[in-house]
Amino acid sequence: MALVEALSNSARPVFLFGSTPPREDTSIEKAKESCAKFAARSAVLATDGFIVYDIQDEGSRESSERPFPFRKTMDPSLYASFFPAVSGKDCVVYK
C-alpha cells in the first residue's frame, strides 16, 4: 500500500519513522550514506514510511534566547528524496 493511501485510510494506524536532515554543509554522498544507515536500522520496525522534519530557525517568533545556536540543515525535500531508493518506502516532509 502506498503511503498516500495509508495516510488516507482512517481504518488503520500509520507508522512513520522520523529523521531530521543532516547539516547544510554535508555532502550529497554523506547524506545518502546517512539515509541508508537510518533506513537499515529501521528495517526491523513495522513502518509504513518515513517522515523528514523541516527544522527552521524561529528566532523571530521567540523572544527568549536559544540554549544552543541554530544550525541550518540540508534541504529536507532533497534528503527525503533519498529514502525510497534505499528503503523501498515513501517519505513525507513535515514543516
# chains A, B, ... in the order shown; residues from 1 in each chain; ligands from 1
>>> select_by_dssp(residues="segment 2-60 of chain A", states="strand (DSSP E)", output="PyMOL selection string")
chain A and resi 16-19+49-53
>>> atom_distance(atom1="atom CA of Ala40 of chain A", atom2="atom CA of Thr73 of chain A")
21.9 Å
>>> atom_distance(atom1="atom CA of Leu45 of chain A", atom2="atom CA of Ser19 of chain A")
14.6 Å
>>> residues_around(residues="segment 49-65 of chain A", least_positions_apart="6", cutoff="8 Å", atoms="only C-alpha atoms", output="number ranges by chain")
A: 3, 15-21, 72-73, 76, 79-80, 83, 89-95
>>> closest_residue(among="A:Val86, A:Ala11, A:Leu78, A:Ile28", to="Ser42 of chain A", atoms="only C-alpha atoms")
A:Val86
>>> residues_around(residues="Asp25 of chain A", least_positions_apart="5", cutoff="12 Å", atoms="only C-alpha atoms", output="CSV table (one decimal) with N, CA and C atoms, in the first residue's frame")
chain,number,residue,atom,x,y,z
A,30,LYS,N,27.6,11.8,1.6
A,30,LYS,CA,27.5,11.6,3.1
A,30,LYS,C,26.0,11.5,3.5
A,31,ALA,N,25.2,12.4,2.9
A,31,ALA,CA,23.8,12.4,3.3
A,31,ALA,C,23.1,11.1,2.8
A,71,ARG,N,21.4,25.6,13.7
A,71,ARG,CA,22.3,25.2,12.6
A,71,ARG,C,21.4,24.8,11.4
A,72,LYS,N,21.7,25.4,10.3
A,72,LYS,CA,20.9,25.2,9.1
A,72,LYS,C,21.1,23.7,8.7
A,73,THR,N,20.1,23.2,8.1
A,73,THR,CA,20.2,21.8,7.6
A,73,THR,C,20.1,21.7,6.1
A,74,MET,N,20.4,20.6,5.5
A,74,MET,CA,20.2,20.3,4.1
A,74,MET,C,18.8,20.5,3.7
A,75,ASP,N,18.5,20.8,2.5
A,75,ASP,CA,17.1,20.9,2.1
A,75,ASP,C,16.3,19.6,2.4
>>> select_by_dssp(residues="chain A", states="helix (DSSP H, G or I)", output="PyMOL selection string")
chain A and resi 3-8+28-42+76-81+83-87
